[in-house]
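J.: My questions will all concern the structure given below.
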Amino acid sequence: MSFNVLVVDDSAVMRSMIIRILKLSGLSFSEIYEAPNGRDGLEILDRNWVDLALVDINMPIMNGEEMIDRIRGNKDISDLPIIVVSTESNVGRVETIRQKNVEFVHKPFTPEVLRKTIIQLTGVSNEPLCGENPLSEGGPDF
Amino acid sequence: MNHSAEKILYRKAALIFEELGFLMPQSDVCDNFQMDNPGSFVTFHGPFNGCLLISLTGEILSNLSSNMLGQEEPASKQMEEDALRELANVICGNALPAIFGLKEVFHLDTPSFCQNMQSVPKLSEYTTVAKVAIPFENGQASIFLYAESAGAEYPIAVSE
């Protein structure tokens, strides 16, 4: 199964890092879209079919929580699988975010944690498409 | 200055340099704090207000951004500044709950790049809670945690 992903983070370096991990994950992606804030992320969702969104919380213009609330309130995309990728550690805020039916990956994360979370959330095959999965052996050396 | 807070700040920051920037701290003890180099800072609000500031020397900024981008060649100036802002964001977001407890709610502002510490707004109004210097093969990171007056006496949640 090949699917489209949206990465939303105000840091261009972090978006690039996440996209590189996705490409090396052994999972199959058709399109990888990126946006620097929730507003731009919603515009991409308006124009394109997306199967999975990875969303930061603390962003200017529109933060991740508001973006997720708008997604969940839009019947066309309300069931979009979402992974929050954030530094947030407060137990109350993390629980509030989890109640929006999202998975949570804490920054800093290892490539393998992100890969496992994607597989867990989307149910895509754990099998590498060809050869060995590059994330399974070398730790963070990618 | 609080030594428990400094131990936690050092441990968290060193781990984040490793996991986010693939930069391994050296084991040398370092107490030569550098304040006149490019850095980034993030202000925060919560039980008290404050600021976390990072200043880097040598080739660390170049190494950090290249490693985060997974490329051999140097990153652009814009990407270097972005990498440094993200580093401050992640260190601050991890250090505050580790030092002051997971139940405290801190809201972080968008991080900013600065040419040196003198250009950080209102820095003279803060009290230093903790400062650590982390040596690397090609330079040094100095990290400062500041608080408005109430924060300087705020209880540390984790005893070391």
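Each chain in the structure tokens gets a letter, A, B, ..., in the order shown, and its residues are numbered from 1; ligands are numbered from 1 in order too.
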Could you list, as a PDB file with all heavy atoms, in the first residue's frame, every residue within 6 Å of range 42-51 of chain B, counting only C-alpha atoms and ignoring same-chain residues fewer than 4 positions away?

T.:
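Produced file around.pdb, reproduced below:
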ATOM      1  N   VAL B 105       2.440  23.409  33.718  1.00  0.00           N
ATOM      2  CA  VAL B 105       2.173  23.717  32.314  1.00  0.00           C
ATOM      3  C   VAL B 105       2.967  24.961  31.916  1.00  0.00           C
ATOM      4  O   VAL B 105       2.727  26.051  32.438  1.00  0.00           O
ATOM      5  CB  VAL B 105       0.666  23.954  32.069  1.00  0.00           C
ATOM      6  CG1 VAL B 105       0.423  24.261  30.589  1.00  0.00           C
ATOM      7  CG2 VAL B 105      -0.137  22.733  32.488  1.00  0.00           C
ATOM      8  N   PHE B 106       3.897  24.774  31.007  1.00  0.00           N
ATOM      9  CA  PHE B 106       4.650  25.894  30.448  1.00  0.00           C
ATOM     10  C   PHE B 106       4.280  26.043  28.975  1.00  0.00           C
ATOM     11  O   PHE B 106       4.214  25.056  28.251  1.00  0.00           O
ATOM     12  CB  PHE B 106       6.159  25.645  30.565  1.00  0.00           C
ATOM     13  CG  PHE B 106       6.689  25.704  31.970  1.00  0.00           C
ATOM     14  CD1 PHE B 106       6.869  24.539  32.710  1.00  0.00           C
ATOM     15  CD2 PHE B 106       7.003  26.919  32.563  1.00  0.00           C
ATOM     16  CE1 PHE B 106       7.355  24.589  34.008  1.00  0.00           C
ATOM     17  CE2 PHE B 106       7.494  26.972  33.859  1.00  0.00           C
ATOM     18  CZ  PHE B 106       7.663  25.806  34.584  1.00  0.00           C
ATOM     19  N   HIS B 107       4.047  27.274  28.560  1.00  0.00           N
ATOM     20  CA  HIS B 107       3.778  27.554  27.151  1.00  0.00           C
ATOM     21  C   HIS B 107       5.015  28.222  26.560  1.00  0.00           C
ATOM     22  O   HIS B 107       5.477  29.246  27.077  1.00  0.00           O
ATOM     23  CB  HIS B 107       2.555  28.455  27.005  1.00  0.00           C
ATOM     24  CG  HIS B 107       1.304  27.800  27.493  1.00  0.00           C
ATOM     25  ND1 HIS B 107       0.575  26.910  26.732  1.00  0.00           N
ATOM     26  CD2 HIS B 107       0.673  27.868  28.685  1.00  0.00           C
ATOM     27  CE1 HIS B 107      -0.459  26.474  27.421  1.00  0.00           C
ATOM     28  NE2 HIS B 107      -0.418  27.041  28.616  1.00  0.00           N
ATOM     29  N   LEU B 108       5.527  27.634  25.491  1.00  0.00           N
ATOM     30  CA  LEU B 108       6.747  28.148  24.855  1.00  0.00           C
ATOM     31  C   LEU B 108       6.382  29.068  23.692  1.00  0.00           C
ATOM     32  O   LEU B 108       5.498  28.755  22.892  1.00  0.00           O
ATOM     33  CB  LEU B 108       7.599  26.996  24.324  1.00  0.00           C
ATOM     34  CG  LEU B 108       8.550  26.284  25.287  1.00  0.00           C
ATOM     35  CD1 LEU B 108       7.832  25.756  26.517  1.00  0.00           C
ATOM     36  CD2 LEU B 108       9.293  25.170  24.566  1.00  0.00           C
ATOM     37  N   ASP B 109       7.076  30.209  23.612  1.00  0.00           N
ATOM     38  CA  ASP B 109       6.932  31.080  22.445  1.00  0.00           C
ATOM     39  C   ASP B 109       7.759  30.522  21.292  1.00  0.00           C
ATOM     40  O   ASP B 109       8.586  29.627  21.482  1.00  0.00           O
ATOM     41  CB  ASP B 109       7.406  32.503  22.782  1.00  0.00           C
ATOM     42  CG  ASP B 109       6.492  33.181  23.802  1.00  0.00           C
ATOM     43  OD1 ASP B 109       5.280  32.867  23.792  1.00  0.00           O
ATOM     44  OD2 ASP B 109       6.991  33.993  24.595  1.00  0.00           O
ATOM     45  N   PRO B 111      10.758  30.147  19.032  1.00  0.00           N
ATOM     46  CA  PRO B 111      12.172  30.475  19.287  1.00  0.00           C
ATOM     47  C   PRO B 111      12.700  31.527  18.314  1.00  0.00           C
ATOM     48  O   PRO B 111      12.201  31.655  17.198  1.00  0.00           O
ATOM     49  CB  PRO B 111      12.885  29.133  19.058  1.00  0.00           C
ATOM     50  CG  PRO B 111      11.832  28.104  18.953  1.00  0.00           C
ATOM     51  CD  PRO B 111      10.560  28.772  18.578  1.00  0.00           C
ATOM     52  N   TYR B 146      16.965  30.951  32.389  1.00  0.00           N
ATOM     53  CA  TYR B 146      16.685  32.157  33.166  1.00  0.00           C
ATOM     54  C   TYR B 146      15.221  32.175  33.600  1.00  0.00           C
ATOM     55  O   TYR B 146      14.358  31.592  32.929  1.00  0.00           O
ATOM     56  CB  TYR B 146      16.926  33.408  32.323  1.00  0.00           C
ATOM     57  CG  TYR B 146      18.353  33.600  31.872  1.00  0.00           C
ATOM     58  CD1 TYR B 146      18.718  33.353  30.553  1.00  0.00           C
ATOM     59  CD2 TYR B 146      19.327  34.034  32.762  1.00  0.00           C
ATOM     60  CE1 TYR B 146      20.023  33.528  30.126  1.00  0.00           C
ATOM     61  CE2 TYR B 146      20.635  34.215  32.339  1.00  0.00           C
ATOM     62  CZ  TYR B 146      20.975  33.968  31.029  1.00  0.00           C
ATOM     63  OH  TYR B 146      22.264  34.148  30.620  1.00  0.00           O
ATOM     64  N   ALA B 147      14.963  32.855  34.710  1.00  0.00           N
ATOM     65  CA  ALA B 147      13.587  33.008  35.168  1.00  0.00           C
ATOM     66  C   ALA B 147      13.380  34.406  35.708  1.00  0.00           C
ATOM     67  O   ALA B 147      14.330  35.051  36.171  1.00  0.00           O
ATOM     68  CB  ALA B 147      13.272  31.989  36.261  1.00  0.00           C
ATOM     69  N   GLU B 148      12.166  34.892  35.624  1.00  0.00           N
ATOM     70  CA  GLU B 148      11.822  36.101  36.367  1.00  0.00           C
ATOM     71  C   GLU B 148      11.923  35.757  37.843  1.00  0.00           C
ATOM     72  O   GLU B 148      11.963  34.578  38.218  1.00  0.00           O
ATOM     73  CB  GLU B 148      10.428  36.575  35.973  1.00  0.00           C
ATOM     74  CG  GLU B 148      10.405  37.148  34.561  1.00  0.00           C
ATOM     75  CD  GLU B 148       9.029  37.659  34.157  1.00  0.00           C
ATOM     76  OE1 GLU B 148       8.067  37.479  34.928  1.00  0.00           O
ATOM     77  OE2 GLU B 148       8.935  38.220  33.051  1.00  0.00           O
ATOM     78  N   GLY B 151      10.596  32.602  39.619  1.00  0.00           N
ATOM     79  CA  GLY B 151      11.047  31.309  39.134  1.00  0.00           C
ATOM     80  C   GLY B 151      12.368  30.869  39.731  1.00  0.00           C
ATOM     81  O   GLY B 151      12.657  29.679  39.811  1.00  0.00           O
TER      82      GLY B 151
END

J.: Taking the DSSP assignment computed from this structure's backbone, write out as a ChimeraX atom specification all residues of range 15-111 of chain B that belong to helix (DSSP H, G or I).

T.: /B:15-21,60-69,77-100

J.: Please list as JSON, numbers by chain every residue within 10 Å of Gln115 in chain B, counting only C-alpha atoms and excluding residues in the same chain fewer than 6 positions away.

T.: {"B": [35, 36, 37, 38, 39, 40, 55]}

J.: Separation of CA of Glu103 in chain A and CA of Asp76 in chain A, in Å?

T.: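 Result for CA of Glu103 in chain A versus CA of Asp76 in chain A: 20.2 Å, one decimal.
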
J.: Quick one: residues within 8 Å of Val132 in chain B, only C-alpha atoms counted, chain neighbours fewer than 5 positions away excluded, as a ChimeraX atom specification?

T.: /B:6,9-10,31,33,142-144

J.: Please produce a file of those selected residues containing C-alpha atoms, as a PDB file, in the first residue's frame.

T.:
ATOM      1  CA  GLU B   6      22.012  22.121  36.262  1.00  0.00           C
ATOM      2  CA  LEU B   9      19.606  20.541  32.195  1.00  0.00           C
ATOM      3  CA  TYR B  10      22.997  19.058  31.250  1.00  0.00           C
ATOM      4  CA  ASP B  31      32.954  25.787  32.827  1.00  0.00           C
ATOM      5  CA  PHE B  33      30.690  29.869  29.307  1.00  0.00           C
ATOM      6  CA  SER B 142      26.571  27.035  26.497  1.00  0.00           C
ATOM      7  CA  ILE B 143      23.000  26.748  27.740  1.00  0.00           C
ATOM      8  CA  PHE B 144      21.373  29.170  30.158  1.00  0.00           C
TER       9      PHE B 144
END

J.: For chain A, which residues have at least one atom within 7 Å of chain B, if we go by only C-alpha atoms? Write them as an MDAnalysis selection string, please.

T.: chainID A and resid 11:13 16:17 87:91 107:108

J.: When DSSP works through the backbone of this structure, what residues of chain A end up as strand (DSSP E or B), shown as an NGL selection string?

T.: :A and (2-8 or 28-35 or 52-55 or 82-86 or 103-106)

J.: Quick one, how far is CA of Ala13 in chain B from CA of Thr110 in chain A?

T.: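 Straight-line distance from CA of Ala13 in chain B to CA of Thr110 in chain A works out to 15.8 Å.
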
J.: Could you name the residues that touch Leu42 in chain A at 10 Å or less, counting only C-alpha atoms, but leaving out those on the same chain fewer than 3 positions away, as a ChimeraX atom specification?

T.: /A:6,8,35,37-39,45-48,62,67-68,70-71

J.: Go ahead and save the residues from that selection, with N, CA, C and O atoms, as a PDB file, in the first residue's frame.

T.:
ATOM      1  N   LEU A   6       1.225  14.208   4.977  1.00  0.00           N
ATOM      2  CA  LEU A   6       1.397  15.646   5.192  1.00  0.00           C
ATOM      3  C   LEU A   6       2.223  15.859   6.455  1.00  0.00           C
ATOM      4  O   LEU A   6       1.886  15.316   7.510  1.00  0.00           O
ATOM      5  N   VAL A   8       3.550  18.760   9.011  1.00  0.00           N
ATOM      6  CA  VAL A   8       3.309  20.159   9.397  1.00  0.00           C
ATOM      7  C   VAL A   8       4.196  20.504  10.589  1.00  0.00           C
ATOM      8  O   VAL A   8       4.036  19.943  11.680  1.00  0.00           O
ATOM      9  N   ALA A  35       4.018  21.635   5.277  1.00  0.00           N
ATOM     10  CA  ALA A  35       3.466  22.958   5.564  1.00  0.00           C
ATOM     11  C   ALA A  35       4.094  23.495   6.842  1.00  0.00           C
ATOM     12  O   ALA A  35       4.397  22.730   7.761  1.00  0.00           O
ATOM     13  N   ASN A  37       2.708  25.617   9.029  1.00  0.00           N
ATOM     14  CA  ASN A  37       1.749  25.941  10.098  1.00  0.00           C
ATOM     15  C   ASN A  37       0.410  25.260   9.803  1.00  0.00           C
ATOM     16  O   ASN A  37       0.198  24.726   8.702  1.00  0.00           O
ATOM     17  N   GLY A  38      -0.487  25.296  10.777  1.00  0.00           N
ATOM     18  CA  GLY A  38      -1.757  24.602  10.637  1.00  0.00           C
ATOM     19  C   GLY A  38      -2.619  25.138   9.508  1.00  0.00           C
ATOM     20  O   GLY A  38      -3.298  24.370   8.806  1.00  0.00           O
ATOM     21  N   ARG A  39      -2.604  26.450   9.312  1.00  0.00           N
ATOM     22  CA  ARG A  39      -3.432  27.047   8.256  1.00  0.00           C
ATOM     23  C   ARG A  39      -3.033  26.520   6.878  1.00  0.00           C
ATOM     24  O   ARG A  39      -3.884  26.094   6.087  1.00  0.00           O
ATOM     25  N   LEU A  45      -4.759  19.986   2.748  1.00  0.00           N
ATOM     26  CA  LEU A  45      -5.788  18.945   2.917  1.00  0.00           C
ATOM     27  C   LEU A  45      -7.027  19.240   2.078  1.00  0.00           C
ATOM     28  O   LEU A  45      -7.739  18.322   1.656  1.00  0.00           O
ATOM     29  N   ASP A  46      -7.270  20.520   1.850  1.00  0.00           N
ATOM     30  CA  ASP A  46      -8.415  20.937   1.030  1.00  0.00           C
ATOM     31  C   ASP A  46      -8.242  20.518  -0.428  1.00  0.00           C
ATOM     32  O   ASP A  46      -9.213  20.195  -1.105  1.00  0.00           O
ATOM     33  N   ARG A  47      -7.001  20.565  -0.888  1.00  0.00           N
ATOM     34  CA  ARG A  47      -6.725  20.368  -2.319  1.00  0.00           C
ATOM     35  C   ARG A  47      -6.248  18.955  -2.660  1.00  0.00           C
ATOM     36  O   ARG A  47      -6.230  18.589  -3.830  1.00  0.00           O
ATOM     37  N   ASN A  48      -5.827  18.194  -1.641  1.00  0.00           N
ATOM     38  CA  ASN A  48      -5.182  16.908  -1.944  1.00  0.00           C
ATOM     39  C   ASN A  48      -5.704  15.798  -1.028  1.00  0.00           C
ATOM     40  O   ASN A  48      -6.093  16.058   0.117  1.00  0.00           O
ATOM     41  N   MET A  62      -1.297  29.247  13.005  1.00  0.00           N
ATOM     42  CA  MET A  62      -2.286  28.318  13.548  1.00  0.00           C
ATOM     43  C   MET A  62      -1.544  27.135  14.161  1.00  0.00           C
ATOM     44  O   MET A  62      -0.773  26.461  13.478  1.00  0.00           O
ATOM     45  N   MET A  67      -5.482  23.099  14.394  1.00  0.00           N
ATOM     46  CA  MET A  67      -5.550  22.384  13.121  1.00  0.00           C
ATOM     47  C   MET A  67      -6.258  21.035  13.301  1.00  0.00           C
ATOM     48  O   MET A  67      -7.132  20.664  12.507  1.00  0.00           O
ATOM     49  N   ILE A  68      -5.883  20.306  14.348  1.00  0.00           N
ATOM     50  CA  ILE A  68      -6.491  18.992  14.587  1.00  0.00           C
ATOM     51  C   ILE A  68      -7.990  19.139  14.865  1.00  0.00           C
ATOM     52  O   ILE A  68      -8.820  18.373  14.355  1.00  0.00           O
ATOM     53  N   ARG A  70      -9.958  21.402  13.744  1.00  0.00           N
ATOM     54  CA  ARG A  70     -10.650  21.700  12.470  1.00  0.00           C
ATOM     55  C   ARG A  70     -10.755  20.449  11.602  1.00  0.00           C
ATOM     56  O   ARG A  70     -11.747  20.258  10.909  1.00  0.00           O
ATOM     57  N   ILE A  71      -9.725  19.624  11.623  1.00  0.00           N
ATOM     58  CA  ILE A  71      -9.781  18.361  10.861  1.00  0.00           C
ATOM     59  C   ILE A  71     -10.891  17.467  11.420  1.00  0.00           C
ATOM     60  O   ILE A  71     -11.717  16.931  10.679  1.00  0.00           O
TER      61      ILE A  71
END

J.: Hey, can you check how far CA of Lys23 in chain A sits from CA of Thr117 in chain A?

T.: 15.0 Å

J.: Could you pull the residues within 9 Å of Trp49 in chain A, counting only C-alpha atoms, minus those fewer than 5 positions along the same chain, as an mmCIF file with N, CA and C atoms, in the first residue's frame?

T.:
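Once everything was written out, this is out36.cif:
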data_model
loop_
_atom_site.group_PDB
_atom_site.id
_atom_site.type_symbol
_atom_site.label_atom_id
_atom_site.label_comp_id
_atom_site.auth_asym_id
_atom_site.auth_seq_id
_atom_site.Cartn_x
_atom_site.Cartn_y
_atom_site.Cartn_z
ATOM 1 N N ASN A 4 -0.264 8.908 0.860
ATOM 2 C CA ASN A 4 0.174 10.303 0.865
ATOM 3 C C ASN A 4 0.273 10.813 2.300
ATOM 4 N N VAL A 5 1.317 11.584 2.566
ATOM 5 C CA VAL A 5 1.570 12.066 3.924
ATOM 6 C C VAL A 5 1.697 13.587 3.912
ATOM 7 N N ILE A 44 -3.612 22.459 2.206
ATOM 8 C CA ILE A 44 -3.142 21.274 1.463
ATOM 9 C C ILE A 44 -4.185 20.157 1.562
#
